[in-house]
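So this block is entry02.pdb, PDB, C-alpha atoms and all ligand atoms:
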ATOM      1  CA  MET A   1      37.639  27.496 -66.169
ATOM      2  CA  SER A   2      40.237  25.490 -68.084
ATOM      3  CA  SER A   3      39.244  23.712 -71.272
ATOM      4  CA  ILE A   4      38.626  19.971 -71.473
ATOM      5  CA  LYS A   5      39.545  19.909 -75.175
ATOM      6  CA  GLY A   6      42.593  18.267 -76.771
ATOM      7  CA  PRO A   7      44.181  14.836 -77.149
ATOM      8  CA  ALA A   8      44.974  12.717 -74.092
ATOM      9  CA  PRO A   9      48.556  11.376 -74.014
ATOM     10  CA  PRO A  10      48.946   7.948 -75.656
ATOM     11  CA  PRO A  11      48.925   4.883 -73.354
ATOM     12  CA  THR A  12      52.444   3.953 -74.471
ATOM     13  CA  LYS A  13      55.413   5.819 -75.895
ATOM     14  CA  PHE A  14      55.915   5.334 -79.616
ATOM     15  CA  ASP A  15      59.363   5.256 -81.181
ATOM     16  CA  GLY A  16      59.770   7.269 -84.343
ATOM     17  CA  LEU A  17      63.260   5.943 -85.148
ATOM     18  CA  PRO A  18      62.243   3.344 -87.759
ATOM     19  CA  LEU A  19      59.602   5.528 -89.393
ATOM     20  CA  ARG A  20      59.600   7.465 -92.683
ATOM     21  CA  ILE A  21      57.090  10.308 -92.752
ATOM     22  CA  ALA A  22      56.009  12.721 -95.490
ATOM     23  CA  ILE A  23      54.681  16.209 -94.857
ATOM     24  CA  VAL A  24      52.603  17.588 -97.723
ATOM     25  CA  HIS A  25      51.707  21.232 -97.174
ATOM     26  CA  SER A  26      49.960  23.992 -99.090
ATOM     27  CA  ARG A  27      51.439  27.480 -99.527
ATOM     28  CA  TRP A  28      48.292  29.545 -98.936
ATOM     29  CA  ASN A  29      48.511  31.611 -95.712
ATOM     30  CA  LYS A  30      52.246  31.012 -95.529
ATOM     31  CA  THR A  31      52.984  32.599 -92.145
ATOM     32  CA  VAL A  32      50.711  30.096 -90.475
ATOM     33  CA  ILE A  33      51.850  27.212 -92.685
ATOM     34  CA  ASP A  34      55.522  27.854 -91.891
ATOM     35  CA  ALA A  35      54.855  27.771 -88.139
ATOM     36  CA  LEU A  36      52.794  24.586 -88.431
ATOM     37  CA  VAL A  37      55.392  22.803 -90.563
ATOM     38  CA  ALA A  38      58.176  23.855 -88.171
ATOM     39  CA  GLY A  39      56.137  22.608 -85.165
ATOM     40  CA  THR A  40      55.448  19.327 -86.923
ATOM     41  CA  VAL A  41      59.091  18.732 -87.842
ATOM     42  CA  ALA A  42      60.291  19.627 -84.326
ATOM     43  CA  LYS A  43      57.874  17.162 -82.720
ATOM     44  CA  LEU A  44      58.701  14.388 -85.210
ATOM     45  CA  ARG A  45      62.384  14.851 -84.352
ATOM     46  CA  GLU A  46      61.560  14.840 -80.610
ATOM     47  CA  GLN A  47      59.753  11.516 -81.126
ATOM     48  CA  GLY A  48      62.848  10.007 -82.714
ATOM     49  CA  VAL A  49      62.126  10.327 -86.447
ATOM     50  CA  LYS A  50      65.387  10.906 -88.318
ATOM     51  CA  GLU A  51      65.697  14.168 -90.260
ATOM     52  CA  SER A  52      66.571  12.225 -93.388
ATOM     53  CA  ASN A  53      63.333  10.242 -93.003
ATOM     54  CA  ILE A  54      61.131  13.349 -93.053
ATOM     55  CA  VAL A  55      60.254  14.364 -96.606
ATOM     56  CA  ILE A  56      58.542  17.673 -97.293
ATOM     57  CA  GLN A  57      56.496  18.470-100.395
ATOM     58  CA  SER A  58      54.599  21.700-101.072
ATOM     59  CA  VAL A  59      51.530  22.302-103.266
ATOM     60  CA  PRO A  60      49.731  25.570-104.135
ATOM     61  CA  GLY A  61      46.591  25.320-101.996
ATOM     62  CA  SER A  62      44.669  22.965 -99.736
ATOM     63  CA  PHE A  63      42.541  21.764-102.623
ATOM     64  CA  GLU A  64      45.678  20.139-104.074
ATOM     65  CA  LEU A  65      46.531  18.212-100.882
ATOM     66  CA  PRO A  66      44.585  14.974-101.480
ATOM     67  CA  LEU A  67      46.036  14.241-104.932
ATOM     68  CA  ALA A  68      49.531  15.173-103.763
ATOM     69  CA  CYS A  69      49.240  12.853-100.739
ATOM     70  CA  SER A  70      48.029  10.058-102.962
ATOM     71  CA  LYS A  71      50.925  10.544-105.441
ATOM     72  CA  VAL A  72      53.506  10.868-102.673
ATOM     73  CA  ILE A  73      52.309   7.593-101.144
ATOM     74  CA  ALA A  74      52.313   5.848-104.544
ATOM     75  CA  GLY A  75      55.829   7.063-105.331
ATOM     76  CA  SER A  76      57.227   6.690-101.872
ATOM     77  CA  HIS A  77      59.585   3.897-102.866
ATOM     78  CA  VAL A  78      61.687   6.547-104.651
ATOM     79  CA  GLN A  79      63.235   9.656-103.186
ATOM     80  CA  ALA A  80      60.843  12.607-103.448
ATOM     81  CA  GLY A  81      60.697  16.189-102.225
ATOM     82  CA  ALA A  82      62.994  18.030 -99.884
ATOM     83  CA  THR A  83      63.996  16.323 -96.669
ATOM     84  CA  ALA A  84      63.833  17.950 -93.261
ATOM     85  CA  THR A  85      67.605  18.159 -93.512
ATOM     86  CA  ASP A  86      67.087  20.457 -96.505
ATOM     87  CA  LEU A  87      64.463  22.385 -94.568
ATOM     88  CA  LEU A  88      66.679  22.929 -91.566
ATOM     89  CA  GLY A  89      69.544  23.822 -93.899
ATOM     90  CA  GLY A  90      67.486  26.667 -95.338
ATOM     91  CA  LEU A  91      66.485  25.003 -98.604
ATOM     92  CA  ASN A  92      62.957  24.878 -97.370
ATOM     93  CA  PHE A  93      59.795  23.643 -98.981
ATOM     94  CA  GLY A  94      61.240  22.269-102.199
ATOM     95  CA  SER A  95      59.071  20.529-104.745
ATOM     96  CA  MET A  96      59.597  17.143-106.289
ATOM     97  CA  ASN A  97      60.668  18.378-109.699
ATOM     98  CA  SER A  98      61.017  22.143-109.415
ATOM     99  CA  PRO A  99      64.228  24.079-108.760
ATOM    100  CA  ARG A 100      64.980  24.740-105.110
ATOM    101  CA  PRO A 101      64.085  28.249-103.884
ATOM    102  CA  GLY A 102      66.995  30.559-104.471
ATOM    103  CA  SER A 103      68.354  28.632-107.424
ATOM    104  CA  ARG A 104      68.476  30.371-110.804
ATOM    105  CA  ALA A 105      65.510  29.710-113.091
ATOM    106  CA  SER A 106      67.866  28.439-115.788
ATOM    107  CA  THR A 107      69.423  25.911-113.415
ATOM    108  CA  PRO A 108      67.948  22.510-114.194
ATOM    109  CA  ALA A 109      65.902  20.975-111.411
ATOM    110  CA  PRO A 110      67.718  18.278-109.464
ATOM    111  CA  ALA A 111      66.870  14.937-111.032
ATOM    112  CA  VAL A 112      64.565  12.725-109.026
ATOM    113  CA  THR A 113      66.735   9.660-108.771
ATOM    114  CA  ALA A 114      65.004   6.329-108.521
ATOM    115  CA  MET A 115      66.759   5.338-105.339
ATOM    116  CA  PRO A 116      64.926   2.519-103.631
ATOM    117  CA  SER A 117      63.697   3.736-100.304
ATOM    118  CA  GLN A 118      61.435   2.649 -97.498
ATOM    119  CA  PRO A 119      57.742   3.448 -98.148
ATOM    120  CA  PHE A 120      56.148   6.210 -96.118
ATOM    121  CA  ASP A 121      54.626   5.032 -92.846
ATOM    122  CA  ALA A 122      52.371   8.101 -92.635
ATOM    123  CA  VAL A 123      51.655  11.337 -94.448
ATOM    124  CA  ILE A 124      50.764  14.596 -92.708
ATOM    125  CA  ALA A 125      48.635  16.911 -94.877
ATOM    126  CA  ILE A 126      48.958  20.517 -93.734
ATOM    127  CA  GLY A 127      46.796  23.352 -95.016
ATOM    128  CA  VAL A 128      45.290  26.572 -93.701
ATOM    129  CA  LEU A 129      41.831  27.552 -94.899
ATOM    130  CA  ILE A 130      40.522  30.883 -93.677
ATOM    131  CA  LYS A 131      36.898  31.804 -94.246
ATOM    132  CA  GLY A 132      36.294  34.624 -96.713
ATOM    133  CA  SER A 133      33.144  36.251 -97.998
ATOM    134  CA  THR A 134      32.184  33.568-100.526
ATOM    135  CA  MET A 135      31.289  29.881-100.271
ATOM    136  CA  HIS A 136      34.806  28.887-101.374
ATOM    137  CA  PHE A 137      35.838  27.969 -97.840
ATOM    138  CA  GLU A 138      32.901  25.619 -97.271
ATOM    139  CA  TYR A 139      33.432  23.767-100.569
ATOM    140  CA  ILE A 140      37.176  23.319-100.077
ATOM    141  CA  CYS A 141      36.894  22.280 -96.399
ATOM    142  CA  ASP A 142      34.286  19.699 -97.284
ATOM    143  CA  SER A 143      35.983  18.218-100.344
ATOM    144  CA  VAL A 144      39.484  18.192 -98.881
ATOM    145  CA  SER A 145      38.495  16.495 -95.625
ATOM    146  CA  HIS A 146      36.528  13.793 -97.455
ATOM    147  CA  ALA A 147      39.262  13.263-100.040
ATOM    148  CA  LEU A 148      42.032  12.974 -97.431
ATOM    149  CA  MET A 149      39.978  10.359 -95.601
ATOM    150  CA  ARG A 150      39.554   8.511 -98.898
ATOM    151  CA  VAL A 151      43.303   8.555 -99.565
ATOM    152  CA  GLN A 152      44.091   6.898 -96.252
ATOM    153  CA  LEU A 153      41.349   4.294 -96.584
ATOM    154  CA  ASP A 154      42.255   3.525-100.225
ATOM    155  CA  THR A 155      46.012   3.278 -99.617
ATOM    156  CA  GLY A 156      46.073   1.909 -96.074
ATOM    157  CA  VAL A 157      48.686   4.548 -95.199
ATOM    158  CA  PRO A 158      47.673   6.847 -92.324
ATOM    159  CA  VAL A 159      46.973  10.379 -93.539
ATOM    160  CA  ILE A 160      46.947  12.901 -90.706
ATOM    161  CA  PHE A 161      44.417  15.711 -91.073
ATOM    162  CA  GLY A 162      46.492  18.829 -90.519
ATOM    163  CA  VAL A 163      44.125  21.248 -92.193
ATOM    164  CA  LEU A 164      43.051  24.261 -90.155
ATOM    165  CA  THR A 165      39.540  25.423 -91.037
ATOM    166  CA  ALA A 166      39.606  28.831 -89.363
ATOM    167  CA  LEU A 167      36.872  31.433 -89.242
ATOM    168  CA  SER A 168      39.392  34.280 -88.815
ATOM    169  CA  ASP A 169      43.096  35.093 -89.147
ATOM    170  CA  ASP A 170      43.393  35.114 -85.361
ATOM    171  CA  GLN A 171      41.972  31.603 -85.050
ATOM    172  CA  ALA A 172      44.546  30.349 -87.550
ATOM    173  CA  LEU A 173      47.466  32.159 -85.868
ATOM    174  CA  GLU A 174      46.505  30.836 -82.408
ATOM    175  CA  ARG A 175      46.347  27.272 -83.694
ATOM    176  CA  ALA A 176      49.872  27.633 -85.034
ATOM    177  CA  GLY A 177      51.198  28.977 -81.704
ATOM    178  CA  ILE A 178      51.783  32.473 -83.085
ATOM    179  CA  GLY A 179      48.663  34.264 -81.799
ATOM    180  CA  ARG A 180      48.628  38.055 -81.592
ATOM    181  CA  GLY A 181      46.842  38.166 -78.239
ATOM    182  CA  GLU A 182      48.110  37.602 -74.698
ATOM    183  CA  SER A 183      48.268  33.875 -75.330
ATOM    184  CA  LYS A 184      50.160  32.748 -78.396
ATOM    185  CA  GLY A 185      47.988  29.626 -78.514
ATOM    186  CA  HIS A 186      49.170  26.126 -79.283
ATOM    187  CA  ASN A 187      50.962  24.782 -82.343
ATOM    188  CA  HIS A 188      48.738  22.001 -83.645
ATOM    189  CA  GLY A 189      51.594  20.725 -85.799
ATOM    190  CA  GLU A 190      52.931  19.090 -82.643
ATOM    191  CA  ASP A 191      49.715  17.090 -82.203
ATOM    192  CA  TRP A 192      49.739  16.068 -85.871
ATOM    193  CA  ALA A 193      53.322  14.811 -85.576
ATOM    194  CA  ALA A 194      52.443  12.771 -82.471
ATOM    195  CA  ALA A 195      49.371  11.356 -84.242
ATOM    196  CA  ALA A 196      51.513  10.410 -87.249
ATOM    197  CA  VAL A 197      54.076   8.549 -85.143
ATOM    198  CA  GLU A 198      51.344   6.727 -83.225
ATOM    199  CA  MET A 199      49.299   5.782 -86.312
ATOM    200  CA  ALA A 200      52.400   4.771 -88.268
ATOM    201  CA  SER A 201      53.474   2.515 -85.390
ATOM    202  CA  HIS A 202      50.002   0.955 -85.108
ATOM    203  CA  SER A 203      49.857   0.506 -88.847
ATOM    204  CA  ARG A 204      53.168  -1.380 -88.901
ATOM    205  CA  ARG A 205      51.862  -3.709 -86.171
ATOM    206  CA  TRP A 206      48.460  -4.188 -87.817
ATOM    207  CA  GLY A 207      50.130  -4.924 -91.174
TER     208      GLY A 207
HETATM  209  C1  LIG B 301      41.496  29.970-103.877
HETATM  210  C2  LIG B 301      41.793  29.749-102.443
HETATM  211  C3  LIG B 301      41.205  30.550-101.453
HETATM  212  C4  LIG B 301      40.249  31.635-101.768
HETATM  213  N1  LIG B 301      41.493  30.379-100.158
HETATM  214  C5  LIG B 301      42.369  29.410 -99.795
HETATM  215  C6  LIG B 301      42.700  29.222 -98.425
HETATM  216  O1  LIG B 301      42.258  29.931 -97.519
HETATM  217  N2  LIG B 301      43.545  28.214 -98.134
HETATM  218  C7  LIG B 301      44.094  27.376 -99.098
HETATM  219  O2  LIG B 301      44.848  26.468 -98.755
HETATM  220  N3  LIG B 301      43.797  27.567-100.390
HETATM  221  C8  LIG B 301      42.968  28.556-100.767
HETATM  222  N4  LIG B 301      42.675  28.748-102.083
HETATM  223  C9  LIG B 301      43.391  27.953-103.117
HETATM  224  C10 LIG B 301      42.768  26.565-103.404
HETATM  225  O3  LIG B 301      43.011  25.662-102.338
HETATM  226  C11 LIG B 301      43.379  25.970-104.682
HETATM  227  O4  LIG B 301      44.778  26.018-104.598
HETATM  228  C12 LIG B 301      42.959  26.710-105.936
HETATM  229  O5  LIG B 301      41.568  26.823-106.021
HETATM  230  C13 LIG B 301      43.495  25.977-107.198
HETATM  231  O6  LIG B 301      42.949  24.667-107.280
END

Conversion result in structure tokens:
Amino acid sequence: MSSIKGPAPPPTKFDGLPLRIAIVHSRWNKTVIDALVAGTVAKLREQGVKESNIVIQSVPGSFELPLACSKVIAGSHVQAGATATDLLGGLNFGSMNSPRPGSRASTPAPAVTAMPSQPFDAVIAIGVLIKGSTMHFEYICDSVSHALMRVQLDTGVPVIFGVLTALSDDQALERAGIGRGESKGHNHGEDWAAAAVEMASHSRRWG
């Protein structure tokens, strides 16, 4: 029997062309994170969001996501992070003030120039939590989900909940479309991108 789970298509098509979207992702469980970020970027592009309007920021773990989202929203009038253009060009997952991967440690970090820019219309927080043998998982899942909700309600900027809370490695891999079984599963990054474009469009209309 097929599953009844998953999002129904939106009643109208939303245009991503005018939107500026940030992706804030953790680096724990990187194989899964990389697939999710790639799926998210691909879907944002498919929905019309310009590469130069997709900004990507990484943080160590999921616990760091809420503060990073809040700071990225607050500073979104200036250029921050690596853009999807950087990502697709191989300079992936750069940080706001740290040297790009591959650059020499002695090379100064590129200056964050205070170029006026359009505020972010939505932020997608991506993390992968996989249950271990302690209570760590439960505490982080709980605090991160509540804090991300708080960020969106406090700022009025949609924050998309792209945090996998998986009970096993296989669950996480399947939800990133890279499952080890017969079915590779589905990349949830695509759903998060669609949700971001829809919520950002609503948010612009609602004011
Ligand atoms: C410490 C930790 C553990 C055990 N597991 C995960 C995980 O599965 N996914 C994740 O995103 N982060 C994990 N972390 C790191 C915490 O989120 C956080 O980065 C550290 O506790 C430092 O605050």

Which residues of chain A have any atom within 8 Å of an atom in ligand LIG 301 (chain B) when counting all atoms listed in the file, and what is the closest pair of atoms for each, with the distance in Å to one decimal? Order the rows by chain and rising number and write it as CSV.
residue,atom,partner,partner_atom,distance
A:Ser26,CA,B:LIG301,O2,5.7
A:Arg27,CA,B:LIG301,O2,6.7
A:Trp28,CA,B:LIG301,O2,4.6
A:Asn29,CA,B:LIG301,N2,6.5
A:Val59,CA,B:LIG301,O4,7.8
A:Pro60,CA,B:LIG301,O4,5.0
A:Gly61,CA,B:LIG301,O4,3.2
A:Ser62,CA,B:LIG301,O2,3.6
A:Phe63,CA,B:LIG301,O3,3.9
A:Glu64,CA,B:LIG301,O4,6.0
A:Gly127,CA,B:LIG301,O2,5.2
A:Val128,CA,B:LIG301,N2,5.0
A:Leu129,CA,B:LIG301,O1,3.6
A:Ile130,CA,B:LIG301,O1,4.3
A:Lys131,CA,B:LIG301,O1,6.6
A:Gly132,CA,B:LIG301,C4,7.1
A:His136,CA,B:LIG301,C4,6.1
A:Phe137,CA,B:LIG301,N1,6.6
A:Ile140,CA,B:LIG301,O3,6.7

Practice problem: Give me, please, the distance in Å between atom CA of A:Ser70 and atom CA of A:Ile23, quoted to one decimal. | Solution: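 Computing the Euclidean distance for atom CA of A:Ser70 and atom CA of A:Ile23 yields 12.2 Å.
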
Exercise. Can you give me, as a list of chain:residue names, the residues this file yields under the PyMOL selection byres (((chain A and resi 116-124) around 6) and not hetatm)?
Key: A:Arg20, A:Ile21, A:Ala22, A:Ile23, A:Ser76, A:His77, A:Val78, A:Met115, A:Ala125, A:Val157, A:Pro158, A:Val159, A:Ile160, A:Ala196, A:Ala200

Quiz item: At what distance in Å, to one decimal, does atom CA of A:Gly179 lie from atom CA of A:Val144?
Solution: 25.2 Å

Self-check item: Among listed residues A:Ile4, A:Val163, A:Leu17, A:Ala147, nearest A:Leu44 (using only C-alpha atoms)
Solution: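 Among the listed residues, A:Leu17 lies closest to A:Leu44.
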